[in-house]
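Student: Handing over protein.tsv, TSV, C-alpha atoms.
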chain	number	residue	atom	x	y	z
A	1	MET	CA	71.66	-25.87	-15.36
A	2	ARG	CA	74.14	-23.09	-14.98
A	3	GLU	CA	77.75	-23.62	-16.12
A	4	THR	CA	80.80	-21.70	-15.03
A	5	VAL	CA	82.39	-19.93	-18.00
A	6	ARG	CA	86.13	-19.39	-17.78
A	7	ALA	CA	87.42	-16.42	-19.65
A	8	GLY	CA	90.24	-17.19	-22.06
A	9	SER	CA	93.37	-15.13	-22.44
A	10	LEU	CA	93.00	-11.98	-24.50
A	11	LYS	CA	95.72	-10.82	-26.90
A	12	ASN	CA	95.97	-7.28	-28.19
A	13	ASP	CA	98.30	-6.90	-31.18
A	14	PHE	CA	97.66	-3.16	-31.59
A	15	GLU	CA	100.88	-1.19	-31.10
A	16	PRO	CA	100.23	2.56	-31.35
A	17	ASN	CA	102.84	4.85	-32.89
A	18	ILE	CA	103.48	7.21	-30.02
A	19	LYS	CA	104.84	10.05	-32.19
A	20	ASP	CA	101.91	9.84	-34.63
A	21	PHE	CA	99.60	9.84	-31.65
A	22	GLY	CA	101.42	12.89	-30.31
A	23	PHE	CA	101.15	14.80	-33.55
A	24	LYS	CA	97.48	14.05	-33.80
A	25	TYR	CA	96.64	15.11	-30.28
A	26	LYS	CA	99.31	17.89	-30.04
A	27	ILE	CA	101.38	16.26	-27.30
A	28	ASN	CA	104.87	17.74	-26.84
A	29	ASN	CA	107.99	15.61	-26.92
A	30	SER	CA	108.38	16.10	-23.19
A	31	GLN	CA	104.96	14.51	-22.70
A	32	TYR	CA	105.78	11.26	-24.51
A	33	LEU	CA	105.56	8.13	-22.36
A	34	THR	CA	108.77	7.45	-20.45
A	35	PRO	CA	109.80	4.51	-18.25
A	36	LEU	CA	108.87	4.76	-14.59
A	37	LYS	CA	111.64	5.69	-12.19
A	38	SER	CA	112.42	3.27	-9.37
A	39	GLY	CA	110.80	5.51	-6.78
A	40	GLN	CA	107.61	5.70	-8.77
A	41	LEU	CA	107.65	1.93	-9.21
A	42	LYS	CA	107.93	1.39	-5.46
A	43	ILE	CA	104.84	3.52	-4.96
A	44	LEU	CA	102.92	1.84	-7.76
A	45	LEU	CA	103.61	-1.80	-6.85
A	46	PRO	CA	101.56	-1.84	-3.62
A	47	VAL	CA	98.65	-0.28	-5.49
A	48	VAL	CA	98.87	-2.94	-8.20
A	49	LYS	CA	99.04	-5.69	-5.57
A	50	PHE	CA	96.03	-4.25	-3.76
A	51	LEU	CA	93.99	-4.07	-6.96
A	52	LEU	CA	95.00	-7.63	-7.84
A	53	ILE	CA	93.89	-8.90	-4.44
A	54	ILE	CA	90.55	-7.09	-4.77
A	55	SER	CA	90.11	-8.60	-8.24
A	56	LEU	CA	90.86	-12.11	-6.97
A	57	LEU	CA	88.49	-11.73	-4.04
A	58	PHE	CA	85.75	-10.50	-6.34
A	59	THR	CA	86.30	-13.42	-8.71
A	60	ALA	CA	86.27	-15.90	-5.82
A	61	SER	CA	83.07	-14.33	-4.49
A	62	CYS	CA	81.39	-14.62	-7.91
A	63	ASP	CA	82.50	-18.24	-8.21
A	64	SER	CA	81.11	-18.99	-4.74
A	65	ILE	CA	77.76	-17.43	-5.62
A	66	LYS	CA	77.59	-19.46	-8.85
A	67	ALA	CA	78.53	-22.66	-7.03
A	68	TYR	CA	75.86	-22.11	-4.40
A	69	GLY	CA	73.27	-21.36	-7.10
A	70	ILE	CA	74.04	-24.65	-8.85
A	71	TYR	CA	74.03	-26.47	-5.49
A	72	ALA	CA	70.68	-25.00	-4.43
A	73	ASP	CA	68.99	-25.69	-7.78
A	74	ASN	CA	70.08	-29.32	-7.81
A	75	MET	CA	69.14	-29.89	-4.16
A	76	PHE	CA	65.69	-28.42	-4.83
A	77	ILE	CA	65.05	-30.67	-7.84
A	78	GLY	CA	66.53	-33.72	-6.10
A	79	LYS	CA	64.30	-33.25	-3.05
A	80	ALA	CA	61.22	-32.78	-5.24
A	81	LEU	CA	61.99	-36.07	-7.04
A	82	LEU	CA	62.68	-37.81	-3.73
A	83	LYS	CA	59.28	-36.70	-2.48
A	84	GLU	CA	57.73	-38.33	-5.55
A	85	GLN	CA	59.75	-41.50	-4.78
A	86	GLU	CA	61.73	-41.13	-8.02
A	87	TYR	CA	64.93	-42.19	-6.31
A	88	THR	CA	66.97	-43.10	-9.39
A	89	ASN	CA	66.15	-39.79	-11.05
A	90	ALA	CA	66.88	-37.84	-7.88
A	91	GLU	CA	70.38	-39.25	-7.38
A	92	PRO	CA	72.16	-37.32	-10.22
A	93	TYR	CA	70.88	-34.02	-8.84
A	94	PHE	CA	72.22	-34.71	-5.36
A	95	THR	CA	75.50	-35.80	-6.97
A	96	LYS	CA	75.75	-32.52	-8.89
A	97	ALA	CA	74.95	-30.59	-5.73
A	98	SER	CA	77.66	-32.36	-3.73
A	99	LYS	CA	80.21	-31.64	-6.47
A	100	GLN	CA	79.56	-27.92	-6.04
A	101	ILE	CA	79.41	-27.94	-2.24
A	102	LYS	CA	80.30	-31.19	-0.50
A	103	ASP	CA	78.46	-30.76	2.79
A	104	SER	CA	76.76	-33.17	5.15
A	105	TYR	CA	73.35	-32.20	3.78
A	106	SER	CA	73.97	-33.21	0.15
A	107	LEU	CA	75.80	-36.35	1.27
A	108	ALA	CA	72.95	-37.33	3.61
A	109	TYR	CA	70.52	-37.10	0.70
A	110	LEU	CA	72.85	-39.14	-1.48
A	111	ALA	CA	72.83	-41.77	1.27
A	112	THR	CA	69.03	-41.61	1.34
A	113	VAL	CA	68.55	-42.29	-2.39
A	114	SER	CA	71.28	-44.95	-2.35
A	115	TYR	CA	69.48	-46.71	0.49
A	116	LYS	CA	66.15	-46.41	-1.33
A	117	THR	CA	67.65	-48.03	-4.44
A	118	ASN	CA	69.20	-50.78	-2.29
A	119	ASN	CA	72.80	-49.62	-2.83
A	120	ILE	CA	73.56	-50.19	0.83
A	121	ASP	CA	77.36	-50.02	0.56
A	122	ASN	CA	77.18	-46.67	-1.24
A	123	ALA	CA	74.68	-45.42	1.29
A	124	GLU	CA	76.98	-46.38	4.15
A	125	SER	CA	79.93	-44.66	2.49
A	126	TYR	CA	77.98	-41.41	2.05
A	127	ILE	CA	76.74	-41.53	5.64
A	128	LYS	CA	80.25	-42.03	7.01
A	129	GLU	CA	81.54	-39.08	4.99
A	130	ALA	CA	78.59	-36.91	6.01
A	131	GLU	CA	79.09	-37.78	9.67
A	132	GLN	CA	82.77	-36.88	9.48
A	133	ILE	CA	82.18	-33.39	8.09
A	134	ASP	CA	78.95	-32.56	9.90
A	135	LYS	CA	79.18	-29.49	12.13
A	136	ASN	CA	75.95	-29.90	14.10
A	137	THR	CA	73.80	-28.89	11.15
A	138	TYR	CA	70.17	-29.90	10.87
A	139	ALA	CA	71.25	-32.65	8.46
A	140	TYR	CA	72.47	-34.60	11.49
A	141	LEU	CA	69.09	-36.14	12.24
A	142	ARG	CA	68.91	-37.56	8.71
A	143	ILE	CA	72.48	-38.82	9.05
A	144	ILE	CA	71.79	-40.69	12.29
A	145	GLY	CA	68.40	-41.97	11.12
A	146	TYR	CA	69.79	-43.45	7.92
A	147	LYS	CA	72.86	-44.69	9.72
A	148	ALA	CA	70.52	-46.79	11.87
A	149	LEU	CA	68.57	-48.10	8.86
A	150	ILE	CA	71.74	-48.98	6.96
A	151	LEU	CA	73.42	-50.73	9.88
A	152	LEU	CA	70.28	-52.70	10.73
A	153	LYS	CA	70.59	-54.30	7.30
A	154	LYS	CA	74.27	-55.11	7.80
A	155	ASP	CA	74.78	-55.74	11.52
A	156	LYS	CA	71.74	-55.86	13.80
A	157	GLN	CA	73.54	-54.96	17.04
A	158	LYS	CA	75.33	-51.98	15.52
A	159	GLY	CA	72.05	-50.99	13.94
A	160	LEU	CA	70.28	-51.12	17.30
A	161	ASP	CA	73.01	-48.99	18.86
A	162	ALA	CA	72.58	-46.40	16.11
A	163	LEU	CA	68.79	-46.59	16.47
A	164	LYS	CA	69.12	-45.78	20.17
A	165	ASP	CA	71.19	-42.71	19.23
A	166	TYR	CA	68.51	-41.68	16.76
A	167	ILE	CA	65.73	-42.05	19.34
A	168	ASN	CA	67.58	-39.94	21.91
A	169	LEU	CA	68.45	-37.30	19.32
A	170	TYR	CA	64.93	-37.12	17.95
A	171	GLU	CA	63.35	-36.84	21.39
A	172	TYR	CA	65.67	-33.90	22.07
A	173	PHE	CA	65.15	-32.13	18.75
A	174	TYR	CA	61.55	-32.84	17.84
A	175	PRO	CA	59.50	-35.11	20.09
A	176	LEU	CA	56.61	-36.30	17.86
A	177	THR	CA	54.67	-39.05	19.60
A	178	THR	CA	55.51	-41.52	16.81
A	179	ILE	CA	58.98	-41.82	18.32
A	180	ASN	CA	57.30	-44.05	20.93
A	181	ASP	CA	56.60	-46.61	18.19
A	182	VAL	CA	60.29	-46.59	17.26
A	183	ARG	CA	61.27	-46.99	20.92
A	184	LYS	CA	58.95	-49.99	21.31
A	185	MET	CA	60.72	-51.72	18.42
A	186	TYR	CA	64.07	-50.94	19.97
A	187	ASP	CA	63.05	-52.16	23.44
A	188	LYS	CA	61.68	-55.44	22.09
A	189	LYS	CA	64.59	-55.81	19.64
A	190	GLU	CA	61.96	-56.69	17.04
A	191	ILE	CA	62.45	-54.43	14.05
A	192	ASP	CA	59.84	-54.11	11.32
A	193	MET	CA	62.12	-52.53	8.70
A	194	VAL	CA	59.34	-51.28	6.43
A	195	ARG	CA	57.46	-49.61	9.27
A	196	LEU	CA	60.65	-48.26	10.84
A	197	GLU	CA	61.77	-46.73	7.54
A	198	ASN	CA	58.38	-45.06	7.07
A	199	LEU	CA	58.42	-43.68	10.61
A	200	ILE	CA	61.95	-42.33	10.32
A	201	ASP	CA	61.20	-40.75	6.94
A	202	GLU	CA	58.08	-39.09	8.35
A	203	GLN	CA	59.91	-37.81	11.43
A	204	ILE	CA	62.91	-36.48	9.53
A	205	LEU	CA	60.76	-34.81	6.87
A	206	ARG	CA	58.59	-33.10	9.48
A	207	TYR	CA	61.68	-31.89	11.33
A	208	GLU	CA	63.38	-30.57	8.17
A	209	ASN	CA	60.19	-28.85	6.97
A	210	ASP	CA	59.83	-27.05	10.29
A	211	ILE	CA	63.49	-25.99	10.18
A	212	ASP	CA	63.00	-24.67	6.63
A	213	GLN	CA	59.89	-22.79	7.75
A	214	PHE	CA	61.76	-21.16	10.61
A	215	LEU	CA	64.72	-20.20	8.41
A	216	SER	CA	62.39	-18.73	5.78
A	217	THR	CA	59.76	-17.00	7.91
A	218	LYS	CA	61.01	-17.16	11.53
A	219	THR	CA	57.74	-18.90	12.47
A	220	GLY	CA	56.73	-22.40	13.54
A	221	PHE	CA	57.94	-24.91	16.08
A	222	TYR	CA	61.47	-23.51	16.30
A	223	ASP	CA	60.41	-19.91	16.81
A	224	ARG	CA	61.64	-19.13	20.33
A	225	ASN	CA	59.03	-16.39	20.65
A	226	SER	CA	56.20	-18.86	20.16
A	227	GLY	CA	57.23	-20.77	23.26
A	228	SER	CA	57.30	-24.11	21.41
A	229	GLY	CA	60.92	-24.17	20.28
A	230	PHE	CA	64.07	-24.94	22.22
Once more with this new file: its structure as structure tokens, please.
Tutor:
Amino acid sequence: MRETVRAGSLKNDFEPNIKDFGFKYKINNSQYLTPLKSGQLKILLPVVKFLLIISLLFTASCDSIKAYGIYADNMFIGKALLKEQEYTNAEPYFTKASKQIKDSYSLAYLATVSYKTNNIDNAESYIKEAEQIDKNTYAYLRIIGYKALILLKKDKQKGLDALKDYINLYEYFYPLTTINDVRKMYDKKEIDMVRLENLIDEQILRYENDIDQFLSTKTGFYDRNSGSGF
């Protein structure tokens, strides 16, 4: 994977002999380098400051691009491994991604693989953090879905409350008919955890794939022009 290379300090020990330089290039004594006058310095300082700011902004921009590249690469590999149900192998990639950009999306996937490997406490911690920083991104459905699954294993009533939130959110965002099966479990308060997990995974994956399709090609369910989106 890519690594950020930090440039070290450069030292230049070359000290030119100004007079020798002048003789060689036929520079008169009056043309030798002289200290700047205070007025000249006042004019020069703002220019130096401006150039420094531009340099810092450029460096920050390059660092941001590198960070996003590392983030995107690791998310891509992590999601591919998750799809193959290689949860343990997927986790380090989501961890690396979240270290570059700690957003609700990377944290939601960390919660997913932690849940899949039965690290319920870790999964809950990631979900709480993701929920705190989420800004209505499309990761929110995964956050609420896995919040329900996690809480159902720890506290049934809290889990049912979260499941109700998930049902309402899913019906608003992406009403696949399989949400009716989830609602039946909720209404009866009889939760088949294996079936519920499979349903939620299927629903979230379908939703995220359609969002990705729209963002990439401006087509699909969320294309307003198709009449099937919001």
Student: So that each row is one residue of stretch 117-209 of chain A with an atom at most 10 Å from stretch 96-109 of chain A, can you give its shortest atom pair and the distance in Å to one decimal, using all atoms listed in the file, rows by chain and rising number, as a Markdown table?
Tutor:
| residue | atom | partner | partner_atom | distance |
| --- | --- | --- | --- | --- |
| A:Ala123 | CA | A:Ala108 | CA | 8.6 |
| A:Glu124 | CA | A:Ala108 | CA | 9.9 |
| A:Ser125 | CA | A:Leu107 | CA | 9.4 |
| A:Tyr126 | CA | A:Leu107 | CA | 5.6 |
| A:Ile127 | CA | A:Ala108 | CA | 6.0 |
| A:Lys128 | CA | A:Leu107 | CA | 9.2 |
| A:Glu129 | CA | A:Leu107 | CA | 7.4 |
| A:Ala130 | CA | A:Ser104 | CA | 4.3 |
| A:Glu131 | CA | A:Ser104 | CA | 6.9 |
| A:Gln132 | CA | A:Ser104 | CA | 8.3 |
| A:Ile133 | CA | A:Ser104 | CA | 6.2 |
| A:Asp134 | CA | A:Ser104 | CA | 5.3 |
| A:Lys135 | CA | A:Ser104 | CA | 8.3 |
| A:Asn136 | CA | A:Ser104 | CA | 9.6 |
| A:Thr137 | CA | A:Ser104 | CA | 7.9 |
| A:Tyr138 | CA | A:Tyr105 | CA | 8.1 |
| A:Ala139 | CA | A:Tyr105 | CA | 5.1 |
| A:Tyr140 | CA | A:Ser104 | CA | 7.8 |
| A:Leu141 | CA | A:Ala108 | CA | 9.5 |
| A:Arg142 | CA | A:Ala108 | CA | 6.5 |
| A:Ile143 | CA | A:Ala108 | CA | 5.7 |
| A:Ile144 | CA | A:Ala108 | CA | 9.4 |
| A:Gly145 | CA | A:Ala108 | CA | 9.9 |
| A:Tyr146 | CA | A:Ala108 | CA | 8.1 |
| A:Lys147 | CA | A:Ala108 | CA | 9.6 |
Student: At a cut-off of 9 Å, using all atoms listed in the file, what residues contact A:Asp165? Leave out same-chain residues fewer than 4 positions from it and give the result as JSON, numbers by chain.
Tutor: {"A": [144, 145, 148, 160, 161, 169, 170]}
Student: Neighbouring residues of A:Met193 were defined as those with any atom within 9 Å, considering only C-alpha atoms; residues of the same chain fewer than 2 positions away were excluded. Please report them as an NGL selection string.
Tutor: :A and (149 or 152-153 or 191 or 195-198)
Student: What is the distance between atom CA of A:Tyr186 and atom CA of A:Lys158, in Å to one decimal?
Tutor: 12.2 Å
Student: Rounded to one decimal place, report the atom CA of A:Asp181-atom CA of A:Gln203 distance in Å.
Tutor: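 Going from atom CA of A:Asp181 over to atom CA of A:Gln203, I get 11.6 Å.
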Student: Report the distance between atom CA of A:Asp210 and atom CA of A:Thr117 in Å, rounded to one decimal place.
Tutor: 26.8 Å
Student: Give the answer as one residue: which of A:Lys164, A:Ala72, A:Lys156, A:Ala111 has the shortest atom-to-atom distance to A:Ile179, using all atoms listed in the file?
Tutor: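 Nearest to A:Ile179: A:Lys164.
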Student: Could you check the closest approach to A:Thr95 for each of A:Ile200, A:Leu110, A:Ile77, A:Ile211 and tell me which residue wins, using only C-alpha atoms?
Tutor: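 Nearest to A:Thr95: A:Leu110.
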